[in-house]
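Colleague: Could you have a look at this structure, given as structure tokens, before my questions?
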Amino acid sequence: NKLEILRRQLASLQKHEQVKATKVGNLIALQQQKCEKAEAKAKWIQDTATELEWLTYRNSLKRYKNYKRRERQAKQKFDDRRQEAQMQKEESDVLNSIRKKQEAEYLEKARQHVMDSKEKDLATVQRLEREAQARADAVQAMRAQKSE
């Protein structure tokens, strides 16, 4: 009978130990699941952080490239405007040079025309003076003939 009691107690203890072991195993499995979840979450966070770093780098690179592109475009636009202004200045200088040359030619022609007119007028005046002198001499000669 004592042996039976001891067996029951032993079976009870074994059952109790088995329940305890099952609970411990369940707790270990639960902790292992929690660890796996935590590791998965940590890996996800790490992957997300890496992806965010990559996206940040890529966006920074894009912003830098866009900045450089806009800088190049602005410089090109400035150079184009400066070149256009230079071409307009050169064109204006050429036109001014042509205009001054044409004005000089016109003034020279006008001066020459005035000089030619003066020479013609002087020649006309001298011819008229000679004719008048010849008439006066003829009139004087006639008077001299009449007085003789």
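Residues are referred to by chain and number: the chain letter is A, B, ... according to the order shown in the structure tokens, the number counts from 1 in that chain, and ligands are numbered separately from 1 in the order shown.
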Once you count only C-alpha atoms, what closest atom pair and distance in Å to one decimal does each residue of stretch 24-118 of chain A within 10 Å of stretch 4-20 of chain A have, with rows by chain and rising residue number, as JSON lines?
Modeller:
{"residue": "A:Val24", "atom": "CA", "partner": "A:Lys20", "partner_atom": "CA", "distance": 6.0}
{"residue": "A:Gly25", "atom": "CA", "partner": "A:Lys20", "partner_atom": "CA", "distance": 8.4}
{"residue": "A:Asn26", "atom": "CA", "partner": "A:Lys20", "partner_atom": "CA", "distance": 9.6}
Colleague: Mind pulling up the distance from atom CA of A:Glu36 to atom CA of A:Thr22?
Modeller: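 Going from atom CA of A:Thr22 over to atom CA of A:Glu36 covers 20.3 Å.
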Colleague: Using Å and a single decimal, report how far atom CA of A:Gln83 sits from atom CA of A:Ile98.
Modeller: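 About the pair atom CA of A:Ile98 and atom CA of A:Gln83: they are 22.2 Å apart.
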